Amino acid sequence: MSPYRPAPPSMSRPPRRPRLRPIASALALTLALPAQAAVITVDTAADGSQPGHCTLRDAIVAANDDVAVAGCIAGSGADVIEFAAGVDTIELTSASGGMLTVSDALSIDGAGTLRTLRRGVEDAAFRILMTTKGTPLTLRWIKVAGGLANAQVPDRGGAGILAWGPLSLHDSEVSGNLTDAQYGRGGGINAHDTLTLVDSVVTGNATTNQDASGGGFYAYADATLTTSVVSNNATAGIVAFGGGLATYPGTTLQVSGSSVVDNMTLGDASYGGGIYAGGTLELRDSRVSDNATLGSDAGGGGLYAYTLAATGSTISGNRTAASGSAGGGLFAANVSLTNSTVSHNSTSGESAPGGGILFGVTFAAGNTTITGNAAAQAEGGGLFAFAFGQTRIDLASTIVFGNTGGAAPQIAFLDTDSDLIVAGTHNLIGVVGSNVQLPGGTLDCDPLLQPLAANGGATPTHALSEGSCAIDAGTADADLRFDQRGAPFVRDAGAAPDIGAFEVQVSTDDAIFVDGFESR
């Protein structure tokens, strides 16, 4: 028998673990932790470099290279640049280097005070900010103004900001920037990566050349606007889309609680006075109003989109003003409207149908109001189907009434040899084209709509007057709890939901409680 016997498992001694020396252990822990970001404070409004002071230009270099520069401490990781009290406006100059370039993750934070970064009006052309590829930049309480990008400025577009990495703006403003170059996209912002605007304003920017789209901004990737405003921007060249903003085909633009107002395109074949969405546009609780296209063959006075999905939103007061410029309110291939209002949009040129809406492939609307739209020299003041062959649209509890335009003021169909089939129930629709087939039970009566007004909620609506035939005559999906205005305006407030975007609420005065006693 062998003298060697293994010890029982319970008595086996565990292998020894090597012990790290204290220095090695600390080093391993240090390497495992992310670099601690630095907070770099700009203490002067001067540009350039000043010994003993931290200018914005030096602060960005310190953040980019993680080195101390003049009076700025060294950056470290995703740094934050802040401002000393009284440093409110920094005028950048070409003599000091012109454009600021951010090449490492950075946040520039005005900390509750709007700090302005601007180019001097008499200075040479340069944009205000540029980020390198993949570099994220966040601006908080920052105003970017006065940038100029022309044919001599590299990459041309984005006179305010040219972002090659993710860009986020919070409580910020981009205004008064100009891109003046062929294919120079984005008067205020040119975003090649994701773009996020929260509580921010893009206003007074422009592009002024051929194919220079996106007066306010141009996004090549997905973009999100939340409680923000895009206003008074413009494009002024031919084939220059999106007076307010434009997005690249295949992308998604989400607009929530925001306003796109008073923007325009001025050139021929320049679609989308307010918005040009080359891919999908999702509107929620937002307003697209008083935008325009002023050139020939420039459709979509309010917006152009390949696919539009609007909920709780109002598209109103938009227009096109020249021949062939169809879709005064909106021009889209595919449209879905829920709890929304399309009102008082217009086309005034020849061969410009669809005062309110022009669609080309699919159309669906539920609990929506389409009224007061006009096609001055064409048909389909409310809705025009730009399609061939038998086509179907789906309407549910929707008003299409009070629009004007030719022999078919409410709904018209391009193909006179085929039929437009309207499917759905509980609708109120006025006079339509002879080749438009309405379902049985469709109402044709005056809904007694009140003027477009702030009746509560985030967007304006048309209230129903007492005695309206739309009251208690509609329907709604079970998950549609509120009308266009949102809480607390319930969707089913009476014997049945009302037709259209607005629901008359039951008064609490003299209401009977379920226990049989009256309220006091």
# chains A, B, ... in the order shown; residues from 1 in each chain; ligands from 1
$ residues_around --residues "Gly381 in chain A" --least-positions-apart "2" --cutoff "8 Å" --atoms "only C-alpha atoms" --output "list in words"
Ser346, Pro353, Gly354, Gly355, Gly356, Ile357, Asn373, Ala374, Ala375, Ala376, Ala378, Glu379, Leu383, Phe384, Asn403, Thr404, Gly405, Gly406, Ala408, Pro409, Gln410 and Ile411 of chain A
$ write_last_selection --atoms "N, CA and C atoms" --output "short mmCIF file (atom, residue, chain, number, x, y, z; two decimals), in the first residue's frame"
data_model
loop_
_atom_site.label_atom_id
_atom_site.label_comp_id
_atom_site.auth_asym_id
_atom_site.auth_seq_id
_atom_site.Cartn_x
_atom_site.Cartn_y
_atom_site.Cartn_z
N SER A 346 -53.19 77.56 -45.90
CA SER A 346 -53.68 77.92 -47.23
C SER A 346 -52.62 77.77 -48.31
N PRO A 353 -53.09 72.32 -54.79
CA PRO A 353 -54.19 71.80 -53.98
C PRO A 353 -53.76 71.52 -52.55
N GLY A 354 -54.75 71.16 -51.73
CA GLY A 354 -54.44 70.79 -50.35
C GLY A 354 -54.12 71.98 -49.49
N GLY A 355 -55.10 72.85 -49.27
CA GLY A 355 -54.84 74.02 -48.42
C GLY A 355 -54.37 73.62 -47.03
N GLY A 356 -55.00 72.57 -46.48
CA GLY A 356 -54.57 72.09 -45.17
C GLY A 356 -53.55 70.98 -45.27
N ILE A 357 -53.90 69.94 -46.05
CA ILE A 357 -53.09 68.72 -46.06
C ILE A 357 -53.00 68.17 -47.48
N ASN A 373 -59.23 75.71 -43.63
CA ASN A 373 -58.13 75.70 -44.58
C ASN A 373 -58.64 76.08 -45.97
N ALA A 374 -57.74 76.59 -46.83
CA ALA A 374 -58.20 77.08 -48.13
C ALA A 374 -57.18 76.81 -49.22
N ALA A 375 -57.71 76.36 -50.38
CA ALA A 375 -56.91 76.25 -51.60
C ALA A 375 -57.53 77.23 -52.59
N ALA A 376 -56.92 78.38 -52.76
CA ALA A 376 -57.54 79.48 -53.50
C ALA A 376 -57.78 79.15 -54.96
N ALA A 378 -57.38 75.82 -56.37
CA ALA A 378 -57.36 74.38 -56.57
C ALA A 378 -58.39 73.73 -55.67
N GLU A 379 -58.45 72.40 -55.67
CA GLU A 379 -59.41 71.68 -54.87
C GLU A 379 -58.77 71.16 -53.59
N LEU A 383 -58.29 68.55 -47.44
CA LEU A 383 -57.43 67.38 -47.62
C LEU A 383 -57.39 67.01 -49.10
N PHE A 384 -56.19 66.82 -49.61
CA PHE A 384 -56.03 66.41 -51.00
C PHE A 384 -55.19 65.15 -51.05
N ASN A 403 -63.75 74.08 -44.74
CA ASN A 403 -62.61 74.36 -45.62
C ASN A 403 -63.12 74.85 -46.98
N THR A 404 -62.29 75.53 -47.74
CA THR A 404 -62.70 76.04 -49.05
C THR A 404 -61.68 75.65 -50.12
N GLY A 405 -62.21 75.40 -51.34
CA GLY A 405 -61.32 75.06 -52.44
C GLY A 405 -62.03 74.30 -53.54
N GLY A 406 -62.38 74.98 -54.63
CA GLY A 406 -62.95 74.33 -55.81
C GLY A 406 -64.26 73.63 -55.53
N ALA A 408 -64.63 70.56 -54.66
CA ALA A 408 -64.49 69.59 -53.57
C ALA A 408 -63.69 70.24 -52.44
N PRO A 409 -64.33 71.11 -51.68
CA PRO A 409 -63.58 71.91 -50.70
C PRO A 409 -63.06 71.13 -49.50
N GLN A 410 -63.73 70.03 -49.12
CA GLN A 410 -63.30 69.32 -47.92
C GLN A 410 -62.26 68.25 -48.23
N ILE A 411 -62.59 67.33 -49.15
CA ILE A 411 -61.68 66.25 -49.51
C ILE A 411 -61.71 66.08 -51.03
#
$ residues_around --residues "range 218-235 of chain A" --least-positions-apart "5" --cutoff "7 Å" --atoms "only C-alpha atoms" --output "PyMOL selection string"
chain A and resi 185-186+189-208+213+240+243-248+251-266
$ write_last_selection --atoms "C-alpha atoms" --output "JSON list (two decimals), in the first residue's frame"
[["chain", "number", "residue", "atom", "x", "y", "z"],
["A", 185, "ARG", "CA", -26.55, 73.31, -44.54],
["A", 186, "GLY", "CA", -27.65, 74.65, -41.18],
["A", 189, "ILE", "CA", -26.42, 74.34, -36.33],
["A", 190, "ASN", "CA", -25.11, 71.57, -38.55],
["A", 191, "ALA", "CA", -25.32, 68.31, -36.57],
["A", 192, "HIS", "CA", -23.71, 65.14, -37.92],
["A", 193, "ASP", "CA", -24.44, 63.14, -34.78],
["A", 194, "THR", "CA", -27.45, 63.14, -32.45],
["A", 195, "LEU", "CA", -28.90, 66.54, -31.58],
["A", 196, "THR", "CA", -30.91, 67.31, -28.43],
["A", 197, "LEU", "CA", -32.58, 70.63, -27.60],
["A", 198, "VAL", "CA", -34.30, 71.10, -24.23],
["A", 199, "ASP", "CA", -35.88, 74.40, -23.15],
["A", 200, "SER", "CA", -33.88, 76.11, -25.89],
["A", 201, "VAL", "CA", -34.45, 78.61, -28.71],
["A", 202, "VAL", "CA", -33.19, 78.61, -32.32],
["A", 203, "THR", "CA", -34.11, 81.94, -33.88],
["A", 204, "GLY", "CA", -33.10, 84.43, -36.55],
["A", 205, "ASN", "CA", -30.68, 82.14, -38.39],
["A", 206, "ALA", "CA", -30.50, 81.71, -42.17],
["A", 207, "THR", "CA", -28.94, 80.00, -45.15],
["A", 208, "THR", "CA", -28.65, 81.97, -48.40],
["A", 213, "SER", "CA", -31.17, 73.66, -46.26],
["A", 240, "ALA", "CA", -33.13, 74.85, -49.94],
["A", 243, "GLY", "CA", -36.82, 77.27, -43.28],
["A", 244, "GLY", "CA", -36.88, 76.43, -39.59],
["A", 245, "LEU", "CA", -35.07, 73.10, -39.64],
["A", 246, "ALA", "CA", -34.29, 70.14, -41.88],
["A", 247, "THR", "CA", -33.33, 66.52, -41.29],
["A", 248, "TYR", "CA", -31.64, 63.94, -43.46],
["A", 251, "THR", "CA", -33.67, 59.91, -39.58],
["A", 252, "THR", "CA", -36.24, 60.47, -36.84],
["A", 253, "LEU", "CA", -37.12, 63.92, -35.53],
["A", 254, "GLN", "CA", -39.06, 64.01, -32.25],
["A", 255, "VAL", "CA", -40.73, 67.29, -31.33],
["A", 256, "SER", "CA", -42.47, 67.44, -27.93],
["A", 257, "GLY", "CA", -44.07, 70.41, -26.19],
["A", 258, "SER", "CA", -42.37, 72.73, -28.68],
["A", 259, "SER", "CA", -43.22, 75.46, -31.20],
["A", 260, "VAL", "CA", -41.99, 75.87, -34.78],
["A", 261, "VAL", "CA", -43.29, 79.29, -35.84],
["A", 262, "ASP", "CA", -42.70, 82.13, -38.32],
["A", 263, "ASN", "CA", -40.04, 80.41, -40.42],
["A", 264, "MET", "CA", -39.89, 80.43, -44.24],
["A", 265, "THR", "CA", -38.25, 79.25, -47.42],
["A", 266, "LEU", "CA", -37.85, 81.83, -50.21]]
$ residues_around --residues "range 446-461 of chain A" --least-positions-apart "5" --cutoff "6 Å" --atoms "only C-alpha atoms" --output "PyMOL selection string"
chain A and resi 468-470+485
$ select_by_dssp --residues "range 328-498 of chain A" --states "strand (DSSP E)" --output "PyMOL selection string"
chain A and resi 330-338+341-343+346-347+357-366+369-371+374-375+383-385+391-396+399-400+411-413+420-423+428-429+436-437+449-453+461-464
$ residues_around --residues "Arg319 in chain A" --least-positions-apart "6" --cutoff "8 Å" --atoms "only C-alpha atoms" --output "list in words"
Asp290, Asn291, Ala292, Thr293, Gly300, Gly301, Gly302, Gly328, Gly329, Asn345, Ser346, Thr347, Ser348 and Gly355 of chain A
